[in-house]
>>> print(open('work_15.txt').read())   # compact mmCIF, N, CA and C atoms
# COMPACT_ATOMS: atom_id res chain seq x y z
N MET A 1137 157.90 107.78 105.47
CA MET A 1137 157.81 107.48 104.06
C MET A 1137 159.14 106.85 103.61
N ILE A 1138 159.05 105.80 102.86
CA ILE A 1138 160.24 105.10 102.37
C ILE A 1138 160.39 105.41 100.88
N ARG A 1139 161.59 105.80 100.50
CA ARG A 1139 161.84 106.07 99.08
C ARG A 1139 162.66 104.95 98.49
N THR A 1140 162.20 104.47 97.36
CA THR A 1140 162.93 103.43 96.66
C THR A 1140 163.31 103.99 95.29
N HIS A 1141 164.58 104.02 95.02
CA HIS A 1141 165.04 104.53 93.73
C HIS A 1141 165.01 103.38 92.74
N MET A 1142 164.11 103.50 91.78
CA MET A 1142 164.00 102.45 90.77
C MET A 1142 164.20 103.08 89.39
N ASP A 1143 165.13 102.59 88.68
CA ASP A 1143 165.38 103.07 87.33
C ASP A 1143 164.69 102.14 86.36
N HIS A 1144 163.44 102.52 85.96
CA HIS A 1144 162.67 101.68 85.03
C HIS A 1144 163.24 101.74 83.60
N TYR A 1145 163.93 102.83 83.28
CA TYR A 1145 164.51 102.99 81.95
C TYR A 1145 165.98 103.36 82.12
N PRO A 1146 166.83 102.37 82.29
CA PRO A 1146 168.22 102.66 82.66
C PRO A 1146 169.00 103.50 81.65
N LEU A 1147 168.57 103.56 80.40
CA LEU A 1147 169.33 104.32 79.41
C LEU A 1147 168.79 105.73 79.20
N MET A 1148 167.74 106.07 79.96
CA MET A 1148 167.13 107.39 79.81
C MET A 1148 167.30 108.19 81.11
N ASN A 1149 167.26 109.49 80.98
CA ASN A 1149 167.33 110.36 82.14
C ASN A 1149 166.02 111.10 82.29
N PRO A 1150 165.62 111.55 83.40
CA PRO A 1150 166.03 111.13 84.72
C PRO A 1150 165.30 109.84 85.11
N TYR A 1151 165.82 109.17 86.11
CA TYR A 1151 165.16 107.94 86.54
C TYR A 1151 164.02 108.28 87.50
N HIS A 1152 163.10 107.35 87.61
CA HIS A 1152 161.87 107.54 88.39
C HIS A 1152 162.10 107.20 89.86
N ILE A 1153 161.61 108.03 90.76
CA ILE A 1153 161.66 107.74 92.20
C ILE A 1153 160.27 107.29 92.63
N GLN A 1154 160.19 106.05 93.12
CA GLN A 1154 158.91 105.51 93.57
C GLN A 1154 158.84 105.64 95.09
N GLU A 1155 157.76 106.19 95.58
CA GLU A 1155 157.60 106.35 97.01
C GLU A 1155 156.63 105.32 97.54
N LYS A 1156 157.02 104.66 98.65
CA LYS A 1156 156.16 103.70 99.32
C LYS A 1156 155.87 104.21 100.72
N THR A 1157 154.67 103.99 101.16
CA THR A 1157 154.29 104.39 102.51
C THR A 1157 154.45 103.19 103.43
N ALA A 1158 155.07 103.41 104.56
CA ALA A 1158 155.26 102.33 105.53
C ALA A 1158 153.90 101.91 106.10
N ASP A 1159 153.76 100.61 106.40
CA ASP A 1159 152.52 100.08 106.98
C ASP A 1159 152.47 100.44 108.45
N THR A 1160 151.56 101.32 108.82
CA THR A 1160 151.39 101.71 110.22
C THR A 1160 149.98 101.38 110.71
N VAL A 1161 149.21 100.66 109.89
CA VAL A 1161 147.83 100.35 110.25
C VAL A 1161 147.79 99.00 110.96
N PRO A 1162 147.24 98.97 112.18
CA PRO A 1162 147.17 97.69 112.91
C PRO A 1162 146.14 96.76 112.29
N PRO A 1163 146.35 95.46 112.41
CA PRO A 1163 145.37 94.51 111.89
C PRO A 1163 144.07 94.59 112.67
N LEU A 1164 142.97 94.33 111.99
CA LEU A 1164 141.65 94.31 112.62
C LEU A 1164 141.38 92.88 113.10
N VAL A 1165 141.00 92.73 114.36
CA VAL A 1165 140.71 91.41 114.94
C VAL A 1165 139.29 91.43 115.48
N LYS A 1166 138.50 90.42 115.10
CA LYS A 1166 137.12 90.32 115.59
C LYS A 1166 136.89 88.91 116.10
N ILE A 1167 136.47 88.79 117.37
CA ILE A 1167 136.14 87.49 117.94
C ILE A 1167 134.75 87.09 117.46
N ILE A 1168 134.67 85.89 116.87
CA ILE A 1168 133.41 85.36 116.39
C ILE A 1168 132.77 84.49 117.48
N SER A 1169 133.60 83.71 118.14
CA SER A 1169 133.14 82.84 119.22
C SER A 1169 134.24 82.78 120.26
N PRO A 1170 133.93 82.86 121.53
CA PRO A 1170 132.60 82.88 122.13
C PRO A 1170 131.94 84.24 121.98
N GLN A 1171 130.62 84.25 122.20
CA GLN A 1171 129.86 85.49 122.17
C GLN A 1171 129.40 85.82 123.58
N ASN A 1172 128.80 86.97 123.74
CA ASN A 1172 128.32 87.42 125.04
C ASN A 1172 127.02 86.67 125.37
N THR A 1173 127.19 85.41 125.80
CA THR A 1173 126.05 84.56 126.11
C THR A 1173 126.46 83.52 127.14
N THR A 1174 125.54 82.61 127.48
CA THR A 1174 125.83 81.54 128.42
C THR A 1174 126.01 80.24 127.66
N TYR A 1175 127.06 79.49 128.02
CA TYR A 1175 127.34 78.19 127.43
C TYR A 1175 127.19 77.13 128.53
N TYR A 1176 126.62 75.99 128.17
CA TYR A 1176 126.38 74.92 129.14
C TYR A 1176 127.40 73.81 128.94
N SER A 1177 128.67 74.17 129.01
CA SER A 1177 129.77 73.25 128.78
C SER A 1177 131.00 73.80 129.49
N SER A 1178 132.00 72.94 129.70
CA SER A 1178 133.24 73.42 130.31
C SER A 1178 134.26 73.85 129.27
N SER A 1179 133.87 73.80 127.99
CA SER A 1179 134.78 74.24 126.92
C SER A 1179 134.00 75.04 125.88
N VAL A 1180 134.70 75.98 125.24
CA VAL A 1180 134.11 76.79 124.17
C VAL A 1180 135.15 76.95 123.07
N SER A 1181 134.66 77.16 121.86
CA SER A 1181 135.56 77.42 120.73
C SER A 1181 135.99 78.87 120.74
N LEU A 1182 137.27 79.10 120.49
CA LEU A 1182 137.77 80.45 120.27
C LEU A 1182 137.99 80.58 118.77
N THR A 1183 137.11 81.34 118.14
CA THR A 1183 137.17 81.56 116.70
C THR A 1183 137.21 83.07 116.46
N TYR A 1184 138.13 83.51 115.60
CA TYR A 1184 138.26 84.94 115.36
C TYR A 1184 138.65 85.19 113.91
N PHE A 1185 138.46 86.43 113.48
CA PHE A 1185 138.78 86.87 112.12
C PHE A 1185 139.84 87.95 112.19
N VAL A 1186 140.83 87.87 111.28
CA VAL A 1186 141.86 88.90 111.16
C VAL A 1186 141.87 89.34 109.70
N ASN A 1187 141.93 90.63 109.44
CA ASN A 1187 141.81 91.14 108.07
C ASN A 1187 143.10 91.14 107.25
N GLU A 1188 144.20 90.64 107.82
CA GLU A 1188 145.45 90.55 107.07
C GLU A 1188 146.31 89.43 107.64
N THR A 1189 147.35 89.09 106.94
CA THR A 1189 148.26 88.04 107.40
C THR A 1189 149.01 88.54 108.63
N VAL A 1190 149.09 87.68 109.64
CA VAL A 1190 149.78 88.07 110.87
C VAL A 1190 150.89 87.07 111.17
N VAL A 1191 151.84 87.50 111.99
CA VAL A 1191 152.98 86.65 112.33
C VAL A 1191 152.86 86.04 113.72
N SER A 1192 152.02 86.63 114.57
CA SER A 1192 151.81 86.03 115.89
C SER A 1192 150.41 86.34 116.39
N MET A 1193 149.89 85.38 117.21
CA MET A 1193 148.54 85.49 117.76
C MET A 1193 148.57 85.00 119.20
N ALA A 1194 147.75 85.60 120.04
CA ALA A 1194 147.65 85.18 121.44
C ALA A 1194 146.29 85.61 121.98
N TYR A 1195 145.92 85.03 123.12
CA TYR A 1195 144.70 85.46 123.79
C TYR A 1195 144.97 85.58 125.28
N SER A 1196 144.14 86.37 125.93
CA SER A 1196 144.19 86.50 127.37
C SER A 1196 142.79 86.21 127.90
N LEU A 1197 142.72 85.29 128.86
CA LEU A 1197 141.45 84.92 129.47
C LEU A 1197 141.45 85.41 130.91
N ASP A 1198 140.44 86.19 131.26
CA ASP A 1198 140.27 86.69 132.63
C ASP A 1198 141.49 87.47 133.13
N ASN A 1199 142.06 88.29 132.26
CA ASN A 1199 143.20 89.15 132.60
C ASN A 1199 144.45 88.39 133.02
N GLU A 1200 144.51 87.11 132.68
CA GLU A 1200 145.72 86.32 132.93
C GLU A 1200 146.75 86.68 131.86
N SER A 1201 147.97 86.18 132.00
CA SER A 1201 148.99 86.44 130.98
C SER A 1201 148.58 85.80 129.66
N SER A 1202 149.04 86.36 128.58
CA SER A 1202 148.66 85.91 127.24
C SER A 1202 149.20 84.52 126.94
N LYS A 1203 148.40 83.76 126.20
CA LYS A 1203 148.82 82.44 125.74
C LYS A 1203 148.92 82.47 124.23
N ILE A 1204 150.06 82.04 123.70
CA ILE A 1204 150.28 82.06 122.25
C ILE A 1204 149.47 80.94 121.59
N ILE A 1205 148.85 81.25 120.47
CA ILE A 1205 148.09 80.28 119.69
C ILE A 1205 148.51 80.39 118.23
N THR A 1206 148.15 79.38 117.45
CA THR A 1206 148.49 79.39 116.02
C THR A 1206 147.26 79.58 115.15
N GLY A 1207 146.12 79.77 115.76
CA GLY A 1207 144.87 79.94 115.03
C GLY A 1207 143.70 79.66 115.95
N ASN A 1208 142.53 79.45 115.35
CA ASN A 1208 141.35 79.14 116.15
C ASN A 1208 141.63 77.91 117.01
N THR A 1209 141.04 77.87 118.19
CA THR A 1209 141.33 76.80 119.13
C THR A 1209 140.12 76.56 120.03
N THR A 1210 140.22 75.56 120.88
CA THR A 1210 139.18 75.27 121.87
C THR A 1210 139.74 75.55 123.25
N LEU A 1211 138.98 76.29 124.02
CA LEU A 1211 139.34 76.58 125.41
C LEU A 1211 138.61 75.55 126.26
N SER A 1212 139.35 74.68 126.93
CA SER A 1212 138.70 73.61 127.69
C SER A 1212 139.11 73.64 129.15
N GLY A 1213 138.33 72.95 129.97
CA GLY A 1213 138.60 72.89 131.39
C GLY A 1213 138.33 74.19 132.11
N LEU A 1214 137.44 75.00 131.57
CA LEU A 1214 137.14 76.29 132.18
C LEU A 1214 136.17 76.12 133.35
N ALA A 1215 136.29 76.96 134.34
CA ALA A 1215 135.44 76.91 135.51
C ALA A 1215 134.08 77.54 135.22
N ASN A 1216 133.08 77.12 135.98
CA ASN A 1216 131.77 77.78 135.91
C ASN A 1216 131.94 79.25 136.25
N GLY A 1217 131.12 80.09 135.65
CA GLY A 1217 131.15 81.51 135.97
C GLY A 1217 131.38 82.37 134.75
N THR A 1218 131.60 83.65 134.99
CA THR A 1218 131.79 84.63 133.94
C THR A 1218 133.27 84.76 133.59
N HIS A 1219 133.55 84.84 132.29
CA HIS A 1219 134.93 84.97 131.79
C HIS A 1219 135.00 86.12 130.79
N ILE A 1220 136.19 86.69 130.66
CA ILE A 1220 136.45 87.74 129.67
C ILE A 1220 137.65 87.32 128.84
N ILE A 1221 137.52 87.45 127.51
CA ILE A 1221 138.62 87.06 126.61
C ILE A 1221 138.95 88.20 125.66
N ILE A 1222 140.25 88.32 125.34
CA ILE A 1222 140.75 89.30 124.37
C ILE A 1222 141.75 88.57 123.48
N VAL A 1223 141.75 88.87 122.17
CA VAL A 1223 142.71 88.27 121.23
C VAL A 1223 143.66 89.38 120.75
N TYR A 1224 144.96 89.03 120.70
CA TYR A 1224 146.00 89.96 120.24
C TYR A 1224 146.69 89.36 119.02
N VAL A 1225 147.00 90.20 118.02
CA VAL A 1225 147.75 89.75 116.84
C VAL A 1225 148.80 90.79 116.48
N LYS A 1226 149.81 90.34 115.74
CA LYS A 1226 150.89 91.23 115.27
C LYS A 1226 151.12 90.94 113.79
N ASP A 1227 151.17 91.98 112.97
CA ASP A 1227 151.39 91.79 111.53
C ASP A 1227 152.88 91.86 111.18
N HIS A 1228 153.18 91.68 109.90
CA HIS A 1228 154.58 91.65 109.43
C HIS A 1228 155.32 92.96 109.68
N ALA A 1229 154.59 94.07 109.73
CA ALA A 1229 155.23 95.37 109.94
C ALA A 1229 155.41 95.69 111.42
N GLY A 1230 154.95 94.79 112.30
CA GLY A 1230 155.11 95.01 113.72
C GLY A 1230 153.94 95.73 114.38
N ASN A 1231 152.85 95.92 113.63
CA ASN A 1231 151.67 96.57 114.19
C ASN A 1231 150.85 95.56 114.99
N PHE A 1232 150.34 95.99 116.13
CA PHE A 1232 149.55 95.11 116.99
C PHE A 1232 148.07 95.42 116.85
N GLY A 1233 147.28 94.37 116.74
CA GLY A 1233 145.83 94.50 116.71
C GLY A 1233 145.25 93.85 117.95
N VAL A 1234 144.23 94.47 118.53
CA VAL A 1234 143.60 93.96 119.75
C VAL A 1234 142.10 93.91 119.52
N SER A 1235 141.51 92.75 119.84
CA SER A 1235 140.06 92.62 119.69
C SER A 1235 139.35 93.36 120.82
N GLU A 1236 138.04 93.50 120.67
CA GLU A 1236 137.24 94.00 121.77
C GLU A 1236 137.11 92.88 122.80
N LYS A 1237 136.87 93.24 124.05
CA LYS A 1237 136.65 92.24 125.09
C LYS A 1237 135.32 91.55 124.84
N VAL A 1238 135.32 90.24 125.05
CA VAL A 1238 134.07 89.47 124.98
C VAL A 1238 133.87 88.81 126.34
N GLN A 1239 132.70 89.03 126.90
CA GLN A 1239 132.35 88.42 128.19
C GLN A 1239 131.37 87.29 127.93
N PHE A 1240 131.64 86.11 128.49
CA PHE A 1240 130.74 84.98 128.34
C PHE A 1240 130.66 84.24 129.66
N THR A 1241 129.61 83.43 129.80
CA THR A 1241 129.37 82.72 131.05
C THR A 1241 129.28 81.22 130.79
N LEU A 1242 129.84 80.44 131.70
CA LEU A 1242 129.72 78.98 131.63
C LEU A 1242 128.88 78.51 132.81
N GLU A 1243 127.89 77.68 132.50
CA GLU A 1243 127.05 77.05 133.52
C GLU A 1243 126.89 75.60 133.14
N TYR A 1244 127.54 74.72 133.86
CA TYR A 1244 127.45 73.30 133.56
C TYR A 1244 127.51 72.49 134.84
N GLN A 1245 127.00 71.27 134.77
CA GLN A 1245 127.03 70.38 135.92
C GLN A 1245 128.45 69.85 136.08
N GLU A 1246 129.04 70.17 137.19
CA GLU A 1246 130.41 69.70 137.43
C GLU A 1246 130.39 68.25 137.85
N SER A 1247 131.31 67.46 137.35
CA SER A 1247 131.42 66.07 137.79
C SER A 1247 132.10 66.06 139.15
N HIS A 1248 131.54 65.27 140.05
CA HIS A 1248 132.08 65.22 141.40
C HIS A 1248 132.87 63.94 141.59
N THR A 1249 133.95 64.05 142.28
CA THR A 1249 134.70 62.86 142.64
C THR A 1249 134.06 62.26 143.88
N PHE A 1250 134.32 61.00 144.14
CA PHE A 1250 133.75 60.37 145.32
C PHE A 1250 134.25 61.07 146.57
N SER A 1251 133.32 61.40 147.43
CA SER A 1251 133.71 62.04 148.69
C SER A 1251 134.06 60.97 149.71
N ALA A 1252 134.66 61.39 150.78
CA ALA A 1252 135.06 60.46 151.84
C ALA A 1252 133.85 59.77 152.44
N GLU A 1253 132.71 60.47 152.52
CA GLU A 1253 131.50 59.87 153.09
C GLU A 1253 131.01 58.71 152.23
N ILE A 1254 131.02 58.90 150.91
CA ILE A 1254 130.56 57.83 150.02
C ILE A 1254 131.51 56.64 150.09
N ILE A 1255 132.79 56.89 150.10
CA ILE A 1255 133.77 55.79 150.18
C ILE A 1255 133.61 55.04 151.50
N ALA A 1256 133.41 55.76 152.59
CA ALA A 1256 133.22 55.11 153.90
C ALA A 1256 131.95 54.27 153.91
N ALA A 1257 130.87 54.77 153.31
CA ALA A 1257 129.61 54.03 153.27
C ALA A 1257 129.77 52.74 152.46
N VAL A 1258 130.43 52.82 151.30
CA VAL A 1258 130.65 51.64 150.47
C VAL A 1258 131.53 50.63 151.20
N ALA A 1259 132.56 51.11 151.86
CA ALA A 1259 133.45 50.22 152.62
C ALA A 1259 132.68 49.56 153.76
N GLY A 1260 131.79 50.30 154.44
CA GLY A 1260 130.98 49.74 155.52
C GLY A 1260 130.06 48.65 155.03
N VAL A 1261 129.43 48.86 153.88
CA VAL A 1261 128.55 47.85 153.29
C VAL A 1261 129.36 46.61 152.93
N ALA A 1262 130.55 46.79 152.36
CA ALA A 1262 131.38 45.65 151.97
C ALA A 1262 131.80 44.84 153.19
N VAL A 1263 132.18 45.51 154.27
CA VAL A 1263 132.59 44.82 155.50
C VAL A 1263 131.39 44.06 156.09
N SER A 1264 130.23 44.71 156.11
CA SER A 1264 129.03 44.06 156.65
C SER A 1264 128.65 42.84 155.82
N ALA A 1265 128.73 42.96 154.50
CA ALA A 1265 128.40 41.83 153.63
C ALA A 1265 129.38 40.69 153.84
N SER A 1266 130.64 41.01 153.99
CA SER A 1266 131.65 39.97 154.23
C SER A 1266 131.39 39.27 155.56
N ALA A 1267 131.09 40.03 156.60
CA ALA A 1267 130.81 39.44 157.92
C ALA A 1267 129.58 38.54 157.85
N LEU A 1268 128.56 38.96 157.13
CA LEU A 1268 127.35 38.15 156.98
C LEU A 1268 127.66 36.84 156.26
N CYS A 1269 128.47 36.91 155.21
CA CYS A 1269 128.85 35.70 154.47
C CYS A 1269 129.62 34.73 155.37
N ILE A 1270 130.53 35.25 156.15
CA ILE A 1270 131.32 34.41 157.06
C ILE A 1270 130.40 33.77 158.10
N TYR A 1271 129.46 34.51 158.63
CA TYR A 1271 128.52 34.00 159.63
C TYR A 1271 127.68 32.88 159.04
N VAL A 1272 127.16 33.09 157.82
CA VAL A 1272 126.32 32.08 157.17
C VAL A 1272 127.13 30.82 156.89
N LEU A 1273 128.35 30.96 156.42
CA LEU A 1273 129.19 29.80 156.12
C LEU A 1273 129.52 29.02 157.39
N LYS A 1274 129.82 29.69 158.47
CA LYS A 1274 130.12 29.03 159.72
C LYS A 1274 128.89 28.30 160.27
N LYS A 1275 127.74 28.92 160.12
CA LYS A 1275 126.52 28.31 160.60
C LYS A 1275 126.21 27.03 159.82
N LYS A 1276 126.45 27.03 158.48
CA LYS A 1276 126.22 25.84 157.64
C LYS A 1276 127.19 24.74 158.02
N LYS A 1277 128.42 25.08 158.34
CA LYS A 1277 129.43 24.07 158.70
C LYS A 1277 129.10 23.44 160.04
N GLY A 1278 128.52 24.22 160.93
CA GLY A 1278 128.19 23.74 162.25
C GLY A 1278 127.05 22.73 162.27
N LYS A 1279 126.27 22.63 161.24
CA LYS A 1279 125.14 21.70 161.22
C LYS A 1279 125.54 20.32 161.02
>>> encode(input="work_15.txt", output="structure tokens")
Amino acid sequence: MIRTHMDHYPLMNPYHIQEKTADTVPPLVKIISPQNTTYYSSSVSLTYFVNETVVSMAYSLDNESSKIITGNTTLSGLANGTHIIIVYVKDHAGNFGVSEKVQFTLEYQESHTFSAEIIAAVAGVAVSASALCIYVLKKKKGK
């Protein structure tokens, strides 16, 4: 308990003692998105609600170290599969609030880079086409 001596009537006795209670209540954090469902994309919105003003915010994805954020954000470049996210906040009094864990799944068609087999096949076709062109040109010149 913090006591603040405030003299509301400086010319009168006794002066009033106002008592303030220190803030020991952690902020409430609720993740709105993502939800416990499947998303067909490699990115999802991280949207959350906090019931009071906070001085710092962070999230942890799949038990990795926390990443500091300044508000709602988009999580992109995520791998297919199941993920777990938690949001952490800290208020002006130093109290920490932690959201409940949210588990969500990503299922999307991954873009594939050209494999060595495809590159070799394209190169083989190009070489064959070039050889055919040279053969045809030489045959026309020979006539």
>>> residues_around(input="work_15.txt", residues="region 1198-1206 of chain A", least_positions_apart="2", cutoff="7 Å", atoms="all atoms listed in the file", output="mmCIF file with N, CA and C atoms, in the frame of the given file")
data_model
loop_
_atom_site.group_PDB
_atom_site.id
_atom_site.type_symbol
_atom_site.label_atom_id
_atom_site.label_comp_id
_atom_site.auth_asym_id
_atom_site.auth_seq_id
_atom_site.Cartn_x
_atom_site.Cartn_y
_atom_site.Cartn_z
ATOM 1 N N SER A 1192 152.020 86.630 114.570
ATOM 2 C CA SER A 1192 151.810 86.030 115.890
ATOM 3 C C SER A 1192 150.410 86.340 116.390
ATOM 4 N N MET A 1193 149.890 85.380 117.210
ATOM 5 C CA MET A 1193 148.540 85.490 117.760
ATOM 6 C C MET A 1193 148.570 85.000 119.200
ATOM 7 N N ALA A 1194 147.750 85.600 120.040
ATOM 8 C CA ALA A 1194 147.650 85.180 121.440
ATOM 9 C C ALA A 1194 146.290 85.610 121.980
ATOM 10 N N TYR A 1195 145.920 85.030 123.120
ATOM 11 C CA TYR A 1195 144.700 85.460 123.790
ATOM 12 C C TYR A 1195 144.970 85.580 125.280
ATOM 13 N N SER A 1196 144.140 86.370 125.930
ATOM 14 C CA SER A 1196 144.190 86.500 127.370
ATOM 15 C C SER A 1196 142.790 86.210 127.900
ATOM 16 N N ASN A 1208 142.530 79.450 115.350
ATOM 17 C CA ASN A 1208 141.350 79.140 116.150
ATOM 18 C C ASN A 1208 141.630 77.910 117.010
ATOM 19 N N HIS A 1219 133.550 84.840 132.290
ATOM 20 C CA HIS A 1219 134.930 84.970 131.790
ATOM 21 C C HIS A 1219 135.000 86.120 130.790
ATOM 22 N N ILE A 1220 136.190 86.690 130.660
ATOM 23 C CA ILE A 1220 136.450 87.740 129.670
ATOM 24 C C ILE A 1220 137.650 87.320 128.840
ATOM 25 N N ILE A 1221 137.520 87.450 127.510
ATOM 26 C CA ILE A 1221 138.620 87.060 126.610
ATOM 27 C C ILE A 1221 138.950 88.200 125.660
ATOM 28 N N ILE A 1222 140.250 88.320 125.340
ATOM 29 C CA ILE A 1222 140.750 89.300 124.370
ATOM 30 C C ILE A 1222 141.750 88.570 123.480
#
>>> residues_around(input="work_15.txt", residues="Leu1242 (chain A)", least_positions_apart="5", cutoff="6.5 Å", atoms="all atoms listed in the file", output="list in words")
Thr1173, Thr1174, Tyr1175, Tyr1176, Ser1177, Ala1215, Asn1216, Gly1217, Thr1218 and His1219 of chain A
>>> closest_residue(input="work_15.txt", among="A:Leu1197, A:Leu1211, A:Ala1229, A:Val1191", to="Asp1159 (chain A)", atoms="only C-alpha atoms")
A:Ala1229
>>> atom_distance(input="work_15.txt", atom1="atom N of Gln1171 (chain A)", atom2="CA of Gly1207 (chain A)")
16.5 Å
>>> atom_distance(input="work_15.txt", atom1="CA of Ala1158 (chain A)", atom2="CA of Phe1232 (chain A)")
14.7 Å
>>> atom_distance(input="work_15.txt", atom1="atom N of Thr1183 (chain A)", atom2="atom C of Tyr1244 (chain A)")
21.2 Å
>>> select_by_dssp(input="work_15.txt", residues="region 1154-1247 of chain A", states="strand (DSSP E or B)", output="MDAnalysis selection string")
chainID A and resid 1154:1156 1165:1169 1174:1175 1180:1186 1190:1197 1203:1205 1209:1211 1217:1227 1232:1234 1238:1242
>>> closest_residue(input="work_15.txt", among="A:Pro1163, A:Pro1170, A:Gly1213, A:Gly1260", to="Val1190 (chain A)", atoms="all atoms listed in the file")
A:Pro1163
>>> residues_around(input="work_15.txt", residues="Thr1160 (chain A)", least_positions_apart="4", cutoff="12 Å", atoms="only C-alpha atoms", output="list in words")
Met1137, Lys1226, Asp1227, His1228, Ala1229, Gly1230, Asn1231, Phe1232 and Gly1233 of chain A
>>> select_by_dssp(input="work_15.txt", residues="region 1152-1264 of chain A", states="helix (DSSP H, G or I)", output="VMD selection string")
chain A and resid 1252 to 1264
>>> write_last_selection(input="work_15.txt", atoms="N, CA and C atoms", output="PDB file, in the frame of the given file")
ATOM      1  N   ALA A1252     134.660  61.390 150.780  1.00  0.00           N
ATOM      2  CA  ALA A1252     135.060  60.460 151.840  1.00  0.00           C
ATOM      3  C   ALA A1252     133.850  59.770 152.440  1.00  0.00           C
ATOM      4  N   GLU A1253     132.710  60.470 152.520  1.00  0.00           N
ATOM      5  CA  GLU A1253     131.500  59.870 153.090  1.00  0.00           C
ATOM      6  C   GLU A1253     131.010  58.710 152.230  1.00  0.00           C
ATOM      7  N   ILE A1254     131.020  58.900 150.910  1.00  0.00           N
ATOM      8  CA  ILE A1254     130.560  57.830 150.020  1.00  0.00           C
ATOM      9  C   ILE A1254     131.510  56.640 150.090  1.00  0.00           C
ATOM     10  N   ILE A1255     132.790  56.890 150.100  1.00  0.00           N
ATOM     11  CA  ILE A1255     133.770  55.790 150.180  1.00  0.00           C
ATOM     12  C   ILE A1255     133.610  55.040 151.500  1.00  0.00           C
ATOM     13  N   ALA A1256     133.410  55.760 152.590  1.00  0.00           N
ATOM     14  CA  ALA A1256     133.220  55.110 153.900  1.00  0.00           C
ATOM     15  C   ALA A1256     131.950  54.270 153.910  1.00  0.00           C
ATOM     16  N   ALA A1257     130.870  54.770 153.310  1.00  0.00           N
ATOM     17  CA  ALA A1257     129.610  54.030 153.270  1.00  0.00           C
ATOM     18  C   ALA A1257     129.770  52.740 152.460  1.00  0.00           C
ATOM     19  N   VAL A1258     130.430  52.820 151.300  1.00  0.00           N
ATOM     20  CA  VAL A1258     130.650  51.640 150.470  1.00  0.00           C
ATOM     21  C   VAL A1258     131.530  50.630 151.200  1.00  0.00           C
ATOM     22  N   ALA A1259     132.560  51.110 151.860  1.00  0.00           N
ATOM     23  CA  ALA A1259     133.450  50.220 152.620  1.00  0.00           C
ATOM     24  C   ALA A1259     132.680  49.560 153.760  1.00  0.00           C
ATOM     25  N   GLY A1260     131.790  50.300 154.440  1.00  0.00           N
ATOM     26  CA  GLY A1260     130.980  49.740 155.520  1.00  0.00           C
ATOM     27  C   GLY A1260     130.060  48.650 155.030  1.00  0.00           C
ATOM     28  N   VAL A1261     129.430  48.860 153.880  1.00  0.00           N
ATOM     29  CA  VAL A1261     128.550  47.850 153.290  1.00  0.00           C
ATOM     30  C   VAL A1261     129.360  46.610 152.930  1.00  0.00           C
ATOM     31  N   ALA A1262     130.550  46.790 152.360  1.00  0.00           N
ATOM     32  CA  ALA A1262     131.380  45.650 151.970  1.00  0.00           C
ATOM     33  C   ALA A1262     131.800  44.840 153.190  1.00  0.00           C
ATOM     34  N   VAL A1263     132.180  45.510 154.270  1.00  0.00           N
ATOM     35  CA  VAL A1263     132.590  44.820 155.500  1.00  0.00           C
ATOM     36  C   VAL A1263     131.390  44.060 156.090  1.00  0.00           C
ATOM     37  N   SER A1264     130.230  44.710 156.110  1.00  0.00           N
ATOM     38  CA  SER A1264     129.030  44.060 156.650  1.00  0.00           C
ATOM     39  C   SER A1264     128.650  42.840 155.820  1.00  0.00           C
TER      40      SER A1264
END
>>> residues_around(input="work_15.txt", residues="Lys1166 (chain A)", least_positions_apart="3", cutoff="6 Å", atoms="only N, CA and C atoms", output="compact mmCIF listing (two decimals) with N, CA and C atoms, in the frame of the given file")
# COMPACT_ATOMS: atom_id res chain seq x y z
N THR A 1183 137.11 81.34 118.14
CA THR A 1183 137.17 81.56 116.70
C THR A 1183 137.21 83.07 116.46
N TYR A 1184 138.13 83.51 115.60
CA TYR A 1184 138.26 84.94 115.36
C TYR A 1184 138.65 85.19 113.91
N PHE A 1185 138.46 86.43 113.48
CA PHE A 1185 138.78 86.87 112.12
C PHE A 1185 139.84 87.95 112.19
N VAL A 1186 140.83 87.87 111.28
CA VAL A 1186 141.86 88.90 111.16
C VAL A 1186 141.87 89.34 109.70
N SER A 1235 141.51 92.75 119.84
CA SER A 1235 140.06 92.62 119.69
C SER A 1235 139.35 93.36 120.82
>>> closest_residue(input="work_15.txt", among="A:Ser1179, A:Asn1187, A:Lys1275, A:Gln1239", to="Thr1210 (chain A)", atoms="only C-alpha atoms")
A:Ser1179
